[in-house]
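Just entry-v6.cif here, mmCIF, C-alpha atoms:
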data_model
loop_
_atom_site.group_PDB
_atom_site.id
_atom_site.type_symbol
_atom_site.label_atom_id
_atom_site.label_comp_id
_atom_site.auth_asym_id
_atom_site.auth_seq_id
_atom_site.Cartn_x
_atom_site.Cartn_y
_atom_site.Cartn_z
ATOM 1 C CA MET A 1 26.662 55.183 8.702
ATOM 2 C CA SER A 2 26.914 55.877 12.444
ATOM 3 C CA THR A 3 27.516 52.979 14.824
ATOM 4 C CA ARG A 4 26.496 55.077 17.821
ATOM 5 C CA LYS A 5 24.158 53.264 20.205
ATOM 6 C CA ASN A 6 22.652 53.914 23.611
ATOM 7 C CA LEU A 7 23.128 51.473 26.460
ATOM 8 C CA ASN A 8 21.141 50.625 29.541
ATOM 9 C CA LEU A 9 23.494 49.397 32.240
ATOM 10 C CA THR A 10 23.567 48.091 35.786
ATOM 11 C CA LEU A 11 26.480 49.409 37.842
ATOM 12 C CA LYS A 12 27.734 47.515 40.881
ATOM 13 C CA ILE A 13 29.947 50.089 42.595
ATOM 14 C CA TRP A 14 32.031 49.956 45.754
ATOM 15 C CA ARG A 15 30.982 52.621 48.274
ATOM 16 C CA GLN A 16 33.084 53.305 51.361
ATOM 17 C CA LYS A 17 33.064 56.376 53.593
ATOM 18 C CA ASN A 18 36.764 56.151 54.503
ATOM 19 C CA SER A 19 39.552 53.676 55.286
ATOM 20 C CA LYS A 20 38.268 53.107 58.813
ATOM 21 C CA THR A 21 34.723 52.108 57.850
ATOM 22 C CA LYS A 22 33.457 48.969 56.172
ATOM 23 C CA GLY A 23 32.516 49.363 52.540
ATOM 24 C CA LYS A 24 29.963 47.576 50.392
ATOM 25 C CA PHE A 25 28.741 47.306 46.821
ATOM 26 C CA GLU A 26 25.695 49.331 45.833
ATOM 27 C CA ILE A 27 23.635 48.870 42.681
ATOM 28 C CA TYR A 28 22.750 51.712 40.301
ATOM 29 C CA ASN A 29 21.038 51.804 36.931
ATOM 30 C CA VAL A 30 21.881 54.218 34.148
ATOM 31 C CA SER A 31 20.118 54.474 30.817
ATOM 32 C CA ASP A 32 20.655 55.979 27.369
ATOM 33 C CA ILE A 33 24.452 55.974 27.717
ATOM 34 C CA SER A 34 26.043 56.688 24.352
ATOM 35 C CA THR A 35 28.695 54.257 23.153
ATOM 36 C CA ASP A 36 30.645 57.378 22.161
ATOM 37 C CA SER A 37 30.896 58.390 25.813
ATOM 38 C CA SER A 38 33.988 57.717 27.869
ATOM 39 C CA PHE A 39 33.760 55.644 31.026
ATOM 40 C CA LEU A 40 34.311 58.689 33.216
ATOM 41 C CA GLU A 41 31.603 60.603 31.351
ATOM 42 C CA MET A 42 29.256 57.753 32.193
ATOM 43 C CA LEU A 43 30.185 58.163 35.873
ATOM 44 C CA ASP A 44 29.557 61.894 35.548
ATOM 45 C CA ILE A 45 26.054 61.112 34.277
ATOM 46 C CA LEU A 46 25.503 58.793 37.227
ATOM 47 C CA ASN A 47 26.572 61.540 39.651
ATOM 48 C CA GLU A 48 24.215 64.028 38.038
ATOM 49 C CA GLN A 49 21.457 61.478 38.524
ATOM 50 C CA LEU A 50 22.396 60.941 42.188
ATOM 51 C CA ILE A 51 22.577 64.670 42.896
ATOM 52 C CA ALA A 52 19.156 65.182 41.305
ATOM 53 C CA GLN A 53 17.835 62.495 43.670
ATOM 54 C CA GLU A 54 19.549 64.272 46.612
ATOM 55 C CA LYS A 55 21.849 61.298 47.177
ATOM 56 C CA GLU A 56 25.578 61.218 47.906
ATOM 57 C CA PRO A 57 27.507 61.405 44.611
ATOM 58 C CA LEU A 58 30.191 58.851 43.845
ATOM 59 C CA ALA A 59 33.764 59.855 44.673
ATOM 60 C CA PHE A 60 36.271 58.898 41.975
ATOM 61 C CA ASP A 61 39.660 60.277 41.001
ATOM 62 C CA HIS A 62 40.503 61.965 37.699
ATOM 63 C CA ASP A 63 42.451 64.900 36.334
ATOM 64 C CA CYS A 64 43.732 65.208 32.762
ATOM 65 C CA ARG A 65 41.349 62.685 31.151
ATOM 66 C CA GLU A 66 44.001 62.246 28.458
ATOM 67 C CA GLY A 67 45.802 59.130 29.694
ATOM 68 C CA ILE A 68 48.755 61.060 31.094
ATOM 69 C CA CYS A 69 48.298 61.726 34.812
ATOM 70 C CA GLY A 70 47.340 58.233 36.028
ATOM 71 C CA MET A 71 44.737 59.516 38.485
ATOM 72 C CA CYS A 72 41.728 57.664 37.016
ATOM 73 C CA SER A 73 42.590 54.310 38.534
ATOM 74 C CA LEU A 74 39.622 51.930 38.687
ATOM 75 C CA TYR A 75 39.224 48.168 38.740
ATOM 76 C CA ILE A 76 36.497 47.405 36.200
ATOM 77 C CA ASN A 77 34.997 43.944 35.694
ATOM 78 C CA GLY A 78 38.061 42.306 37.201
ATOM 79 C CA ARG A 79 40.675 44.265 35.251
ATOM 80 C CA ALA A 80 42.782 47.301 36.052
ATOM 81 C CA HIS A 81 41.529 50.180 33.879
ATOM 82 C CA GLY A 82 38.854 47.955 32.358
ATOM 83 C CA PRO A 83 38.356 45.600 29.391
ATOM 84 C CA ASP A 84 40.928 47.039 27.017
ATOM 85 C CA THR A 85 44.710 47.081 26.814
ATOM 86 C CA GLY A 86 47.242 49.899 26.724
ATOM 87 C CA ILE A 87 44.816 52.526 28.056
ATOM 88 C CA THR A 88 43.881 54.272 31.279
ATOM 89 C CA THR A 89 40.310 54.375 32.607
ATOM 90 C CA CYS A 90 39.720 57.843 31.145
ATOM 91 C CA GLN A 91 40.540 56.458 27.679
ATOM 92 C CA LEU A 92 38.050 53.611 28.065
ATOM 93 C CA HIS A 93 34.876 54.119 26.014
ATOM 94 C CA MET A 94 31.422 52.661 26.501
ATOM 95 C CA ARG A 95 31.561 50.899 23.145
ATOM 96 C CA MET A 96 33.543 48.236 25.009
ATOM 97 C CA PHE A 97 30.330 47.259 26.829
ATOM 98 C CA THR A 98 27.007 45.810 25.726
ATOM 99 C CA ASP A 99 23.417 46.799 26.371
ATOM 100 C CA GLY A 100 22.047 45.336 29.604
ATOM 101 C CA GLN A 101 25.503 44.482 30.965
ATOM 102 C CA THR A 102 26.401 44.655 34.650
ATOM 103 C CA ILE A 103 29.643 46.533 35.287
ATOM 104 C CA VAL A 104 31.511 45.971 38.561
ATOM 105 C CA ILE A 105 33.591 48.997 39.596
ATOM 106 C CA GLU A 106 36.079 48.864 42.469
ATOM 107 C CA PRO A 107 39.048 50.838 43.811
ATOM 108 C CA TRP A 108 42.584 49.467 43.767
ATOM 109 C CA ARG A 109 42.900 46.703 46.372
ATOM 110 C CA SER A 110 46.190 46.998 48.257
ATOM 111 C CA VAL A 111 47.287 47.452 51.854
ATOM 112 C CA ALA A 112 49.618 50.180 50.584
ATOM 113 C CA PHE A 113 46.704 51.954 48.826
ATOM 114 C CA PRO A 114 44.123 52.573 51.585
ATOM 115 C CA VAL A 115 40.706 53.807 50.497
ATOM 116 C CA ILE A 116 40.114 57.530 50.987
ATOM 117 C CA LYS A 117 36.490 57.399 49.864
ATOM 118 C CA ASP A 118 34.516 55.173 47.504
ATOM 119 C CA LEU A 119 36.787 54.608 44.473
ATOM 120 C CA ILE A 120 39.589 56.958 45.546
ATOM 121 C CA THR A 121 42.692 55.407 47.097
ATOM 122 C CA ASP A 122 45.694 56.991 48.767
ATOM 123 C CA ARG A 123 48.691 56.329 46.530
ATOM 124 C CA SER A 124 51.093 58.601 48.396
ATOM 125 C CA SER A 125 53.193 55.493 49.073
ATOM 126 C CA PHE A 126 54.443 55.893 45.501
ATOM 127 C CA ASP A 127 55.432 59.479 46.295
ATOM 128 C CA ARG A 128 57.429 58.338 49.317
ATOM 129 C CA ILE A 129 59.240 55.721 47.217
ATOM 130 C CA MET A 130 60.132 58.408 44.683
ATOM 131 C CA ALA A 131 61.318 60.727 47.452
ATOM 132 C CA ALA A 132 63.654 57.963 48.655
ATOM 133 C CA GLY A 133 65.669 58.022 45.444
ATOM 134 C CA GLY A 134 63.715 58.664 42.248
ATOM 135 C CA PHE A 135 65.694 61.741 41.315
ATOM 136 C CA ILE A 136 69.156 62.962 40.377
ATOM 137 C CA SER A 137 71.152 65.702 42.105
ATOM 138 C CA VAL A 138 72.411 68.263 39.626
ATOM 139 C CA ASN A 139 74.776 71.172 40.199
ATOM 140 C CA THR A 140 72.843 74.223 39.015
ATOM 141 C CA SER A 141 75.558 76.742 39.924
ATOM 142 C CA GLY A 142 75.659 78.123 36.396
ATOM 143 C CA ASN A 143 78.118 75.598 34.991
ATOM 144 C CA THR A 144 75.506 72.959 34.265
ATOM 145 C CA LEU A 145 76.216 70.885 31.183
ATOM 146 C CA ASP A 146 73.365 70.778 28.674
ATOM 147 C CA ALA A 147 71.862 67.286 28.753
ATOM 148 C CA ASN A 148 71.771 67.216 24.950
ATOM 149 C CA ALA A 149 75.568 67.530 24.947
ATOM 150 C CA ILE A 150 75.984 64.203 26.730
ATOM 151 C CA ALA A 151 76.237 61.333 24.274
ATOM 152 C CA VAL A 152 73.848 58.466 25.045
ATOM 153 C CA PRO A 153 73.600 55.304 22.920
ATOM 154 C CA LYS A 154 70.246 55.297 21.134
ATOM 155 C CA GLU A 155 69.314 51.868 22.461
ATOM 156 C CA ASP A 156 69.867 53.062 26.041
ATOM 157 C CA ALA A 157 67.998 56.299 25.400
ATOM 158 C CA ASP A 158 65.021 54.411 23.952
ATOM 159 C CA LYS A 159 64.886 52.033 26.907
ATOM 160 C CA ALA A 160 65.159 54.925 29.367
ATOM 161 C CA MET A 161 62.324 56.780 27.656
ATOM 162 C CA ASP A 162 60.172 53.629 27.648
ATOM 163 C CA ALA A 163 60.714 53.277 31.406
ATOM 164 C CA ALA A 164 60.036 56.973 31.969
ATOM 165 C CA ALA A 165 56.598 56.536 30.364
ATOM 166 C CA CYS A 166 55.326 55.104 33.689
ATOM 167 C CA ILE A 167 52.539 57.375 34.994
ATOM 168 C CA SER A 168 52.477 55.928 38.530
ATOM 169 C CA CYS A 169 48.834 54.869 38.233
ATOM 170 C CA GLY A 170 49.262 51.718 40.320
ATOM 171 C CA ALA A 171 47.647 49.273 37.895
ATOM 172 C CA CYS A 172 50.652 46.979 38.345
ATOM 173 C CA VAL A 173 49.936 46.760 42.069
ATOM 174 C CA ALA A 174 46.189 46.350 41.622
ATOM 175 C CA CYS A 175 46.413 43.380 39.268
ATOM 176 C CA CYS A 176 49.278 41.602 41.040
ATOM 177 C CA PRO A 177 48.211 38.728 43.329
ATOM 178 C CA ASN A 178 51.142 39.666 45.564
ATOM 179 C CA GLY A 179 50.364 43.396 45.567
ATOM 180 C CA ALA A 180 53.876 44.053 44.271
ATOM 181 C CA ALA A 181 55.078 47.469 43.143
ATOM 182 C CA MET A 182 58.206 46.175 41.453
ATOM 183 C CA LEU A 183 57.195 47.195 37.930
ATOM 184 C CA PHE A 184 56.719 50.766 39.132
ATOM 185 C CA VAL A 185 59.988 50.827 41.087
ATOM 186 C CA GLY A 186 61.781 48.973 38.309
ATOM 187 C CA ALA A 187 60.687 51.585 35.793
ATOM 188 C CA LYS A 188 61.833 54.459 37.987
ATOM 189 C CA VAL A 189 65.185 52.801 38.718
ATOM 190 C CA SER A 190 65.726 51.842 35.064
ATOM 191 C CA HIS A 191 64.989 55.331 33.813
ATOM 192 C CA PHE A 192 68.094 56.682 35.569
ATOM 193 C CA ALA A 193 70.200 53.509 35.548
ATOM 194 C CA LEU A 194 70.351 53.647 31.751
ATOM 195 C CA LEU A 195 71.469 57.280 31.581
ATOM 196 C CA PRO A 196 74.862 58.777 32.486
ATOM 197 C CA GLN A 197 73.175 61.431 34.644
ATOM 198 C CA GLY A 198 71.903 58.705 36.948
ATOM 199 C CA LYS A 199 75.110 56.733 37.396
ATOM 200 C CA VAL A 200 76.544 58.787 40.288
ATOM 201 C CA GLU A 201 73.705 57.975 42.703
ATOM 202 C CA ALA A 202 72.759 54.611 41.203
ATOM 203 C CA LYS A 203 73.682 52.385 44.166
ATOM 204 C CA ARG A 204 72.117 54.615 46.794
ATOM 205 C CA ARG A 205 69.021 55.083 44.652
ATOM 206 C CA VAL A 206 68.136 51.434 44.169
ATOM 207 C CA LEU A 207 68.873 50.475 47.786
ATOM 208 C CA ASN A 208 66.766 53.318 49.152
ATOM 209 C CA MET A 209 63.854 52.848 46.762
ATOM 210 C CA VAL A 210 63.611 49.101 47.323
ATOM 211 C CA LYS A 211 63.754 49.619 51.097
ATOM 212 C CA ALA A 212 61.011 52.257 50.852
ATOM 213 C CA MET A 213 58.918 49.875 48.745
ATOM 214 C CA ASP A 214 59.243 47.144 51.358
ATOM 215 C CA ASP A 215 58.515 49.569 54.205
ATOM 216 C CA GLU A 216 55.260 50.613 52.518
ATOM 217 C CA GLY A 217 53.994 47.023 52.633
ATOM 218 C CA PHE A 218 54.089 46.070 48.962
ATOM 219 C CA GLY A 219 54.560 42.390 48.136
ATOM 220 C CA ASN A 220 57.333 40.729 46.145
ATOM 221 C CA CYS A 221 57.376 39.845 42.469
ATOM 222 C CA SER A 222 56.892 36.207 41.492
ATOM 223 C CA VAL A 223 57.031 36.947 37.744
ATOM 224 C CA ILE A 224 53.361 36.279 37.049
ATOM 225 C CA GLY A 225 53.425 39.007 34.399
ATOM 226 C CA ALA A 226 49.959 40.500 34.956
ATOM 227 C CA CYS A 227 51.544 43.891 35.647
ATOM 228 C CA GLU A 228 53.045 44.117 32.164
ATOM 229 C CA VAL A 229 49.760 43.036 30.548
ATOM 230 C CA GLU A 230 47.627 45.569 32.430
ATOM 231 C CA CYS A 231 50.082 48.493 32.411
ATOM 232 C CA PRO A 232 48.514 51.299 30.335
ATOM 233 C CA LYS A 233 51.979 52.363 29.152
ATOM 234 C CA ASN A 234 53.234 48.843 28.361
ATOM 235 C CA ILE A 235 56.150 49.000 30.796
ATOM 236 C CA SER A 236 58.254 45.862 30.275
ATOM 237 C CA LEU A 237 59.139 43.231 32.869
ATOM 238 C CA ASP A 238 62.729 43.804 31.724
ATOM 239 C CA ASN A 239 62.747 46.785 34.082
ATOM 240 C CA ILE A 240 62.196 44.500 37.076
ATOM 241 C CA ALA A 241 65.135 42.356 35.987
ATOM 242 C CA ARG A 242 67.280 45.480 35.585
ATOM 243 C CA MET A 243 66.272 46.716 39.037
ATOM 244 C CA ASN A 244 67.205 43.329 40.552
ATOM 245 C CA ARG A 245 70.627 43.477 38.896
ATOM 246 C CA GLU A 246 71.159 47.045 40.082
ATOM 247 C CA TYR A 247 70.091 46.081 43.585
ATOM 248 C CA MET A 248 72.348 43.024 43.760
ATOM 249 C CA ASN A 249 75.352 44.993 42.531
ATOM 250 C CA ALA A 250 74.661 47.768 45.019
ATOM 251 C CA TRP A 251 74.123 45.328 47.898
ATOM 252 C CA ILE A 252 77.358 43.424 47.149
ATOM 253 C CA SER A 253 79.306 46.683 47.058
ATOM 254 C CA THR A 254 78.166 47.477 50.609
ATOM 255 C CA LYS A 255 79.624 44.165 51.818
ATOM 256 C CA LYS A 256 83.129 44.751 50.480
#

Just give me the structure of the file as structure tokens.
Amino acid sequence: MSTRKNLNLTLKIWRQKNSKTKGKFEIYNVSDISTDSSFLEMLDILNEQLIAQEKEPLAFDHDCREGICGMCSLYINGRAHGPDTGITTCQLHMRMFTDGQTIVIEPWRSVAFPVIKDLITDRSSFDRIMAAGGFISVNTSGNTLDANAIAVPKEDADKAMDAAACISCGACVACCPNGAAMLFVGAKVSHFALLPQGKVEAKRRVLNMVKAMDDEGFGNCSVIGACEVECPKNISLDNIARMNREYMNAWISTKK
């Protein structure tokens, strides 16, 4: 027996022309929304409705709609990616809501993530942090050693792969009262710190990435833990601790 239902909803959505103009919430009503629909499909329906009424459609970010790219970053009813755990917004389905409910939809709120338009924020600050050190330099002259030939303890490999699962969505920043990006940076630092390929540039990497993080205006971690709870890929706080250790070791080495 099908559990499919249709919902009538009130949407309270943040509208903002750009980062230099003042935004505000606007109210919209949508009806006959299937509980089988995804959250982004519901927004598509709203946009079709707005276009039919010759109104400005809602700007929101998305790409793969498979929980991989991290583009669909929305703050929904006070939670990053909405009222579910371990998922991105595009994986959120309307069965998580009830008929007649009011849904508040906002962009990420962070000085380092300025609003581009409506629900779309500029997260290029993450790209600049990655450019500061989130990579390894490899000699590709033709004598490159196959990565599979380098022995890595399974425990280290598992931890590195867990850290590498970060999709740079920014949920950790959005839900942190301090606007910290340390879970993101910690994951990127840990990914390489645990692998032999990343050891050569380890000290320079962590110093440069933490400096870039601070320069972008992100806050500091006070171990509240909301980032780990709201992360769609369940990135562990252990990565922040590892980053702090890497940073301290690197900083001390510069003082010798």

Give the centre and edge lengths of an axis-aligned box, in Å to one decimal, that holds all listed atoms of range 47-55 of chain A with 4 Å on each side, as lines of an AutoDock Vina configuration file.
center_x = 22.2
center_y = 63.1
center_z = 42.6
size_x = 16.7
size_y = 12.2
size_z = 17.1

Exercise. Which protein, DNA or RNA residues have an atom at most 10 Å from (60.7, 52.3, 28.4), counting only C-alpha atoms? List them as a PyMOL selection string.
Worked result: chain A and resi 156-166+187-188+190-191+233-236+238-239

For this session: Identify, on the basis of all atoms listed in the file, every residue whose closest approach to Asp44 in chain A does not exceed 12 Å; exclude the query and any residue fewer than 2 positions from it along the same chain; express the result as a PyMOL selection string.
Result: chain A and resi 30+33+37-42+46-51+57-62+90

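Here the PyMOL selection byres ((chain A and resi 172) around 8) catches exactly these residues: A:Gly170, A:Ala171, A:Val173, A:Ala174, A:Cys175, A:Cys176, A:Ala180, A:Ala181, A:Leu183, A:Phe184, A:Ala226, A:Cys227, A:Glu228, A:Glu230, A:Cys231.
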
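With only C-alpha atoms as the atoms that count, the residue of A:Glu246, A:Asp36, A:Glu54, A:Asp63 with the shortest distance to Asn6 in chain A is A:Asp36.
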
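Among the candidate residues A:Lys12, A:Cys72, A:Leu195, A:Lys256, the one lying nearest to Gln101 in chain A is A:Lys12, with distances computed using all atoms listed in the file.
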
Exercise. Using the chain letters and numbers from the file, which residues does the PyMOL selection byres ((chain A and resi 212) around 10) grab, as a ChimeraX atom specification?
Worked result: /A:125-126,128-133,185,206-211,213-218

For this session: Rank A:Met248, A:Cys169, A:Leu194, A:Ile116 by their smallest atom-to-atom distance to Asn18 in chain A, using all atoms listed in the file, and report the top residue only.
Result: A:Ile116

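Residues surrounding Asn29 in chain A within 9 Å are Asn8, Leu9, Thr10, Leu11, Lys12, Ile27, Ser31 and Leu46 of chain A [all atoms listed in the file; sequence separation below 2 positions excluded].
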
Exercise. Care to translate the PyMOL selection byres ((chain A and resi 81) around 9) into actual residues of this file, as a VMD selection string?
Worked result: chain A and resid 72 to 76 79 to 80 82 to 85 87 to 92 171 230 to 232

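Reported to one decimal place, the separation of CA of Gly134 in chain A from CA of Val189 in chain A is 7.0 Å.
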
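Proximity ranking of A:Ile224, A:Ala151, A:Ile105, A:Ile167 relative to Gly70 in chain A places A:Ile167 first, based on all atoms listed in the file.
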
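Of the residues listed (A:Gln197, A:Ser222, A:Ser34, A:Asn77), A:Gln197 shows the shortest atom-to-atom separation from Ile136 in chain A; distances use all atoms listed in the file.
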
Problem set entry | All residues 8 Å or closer to Tyr247 in chain A, all atoms listed in the file, same chain fewer than 2 positions away omitted, as a count of residues only | 9

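Closest approach to Ser124 in chain A from the set A:Met96, A:Leu43, A:Ile252, A:Met71 is made by A:Met71, with distances taken over only C-alpha atoms.
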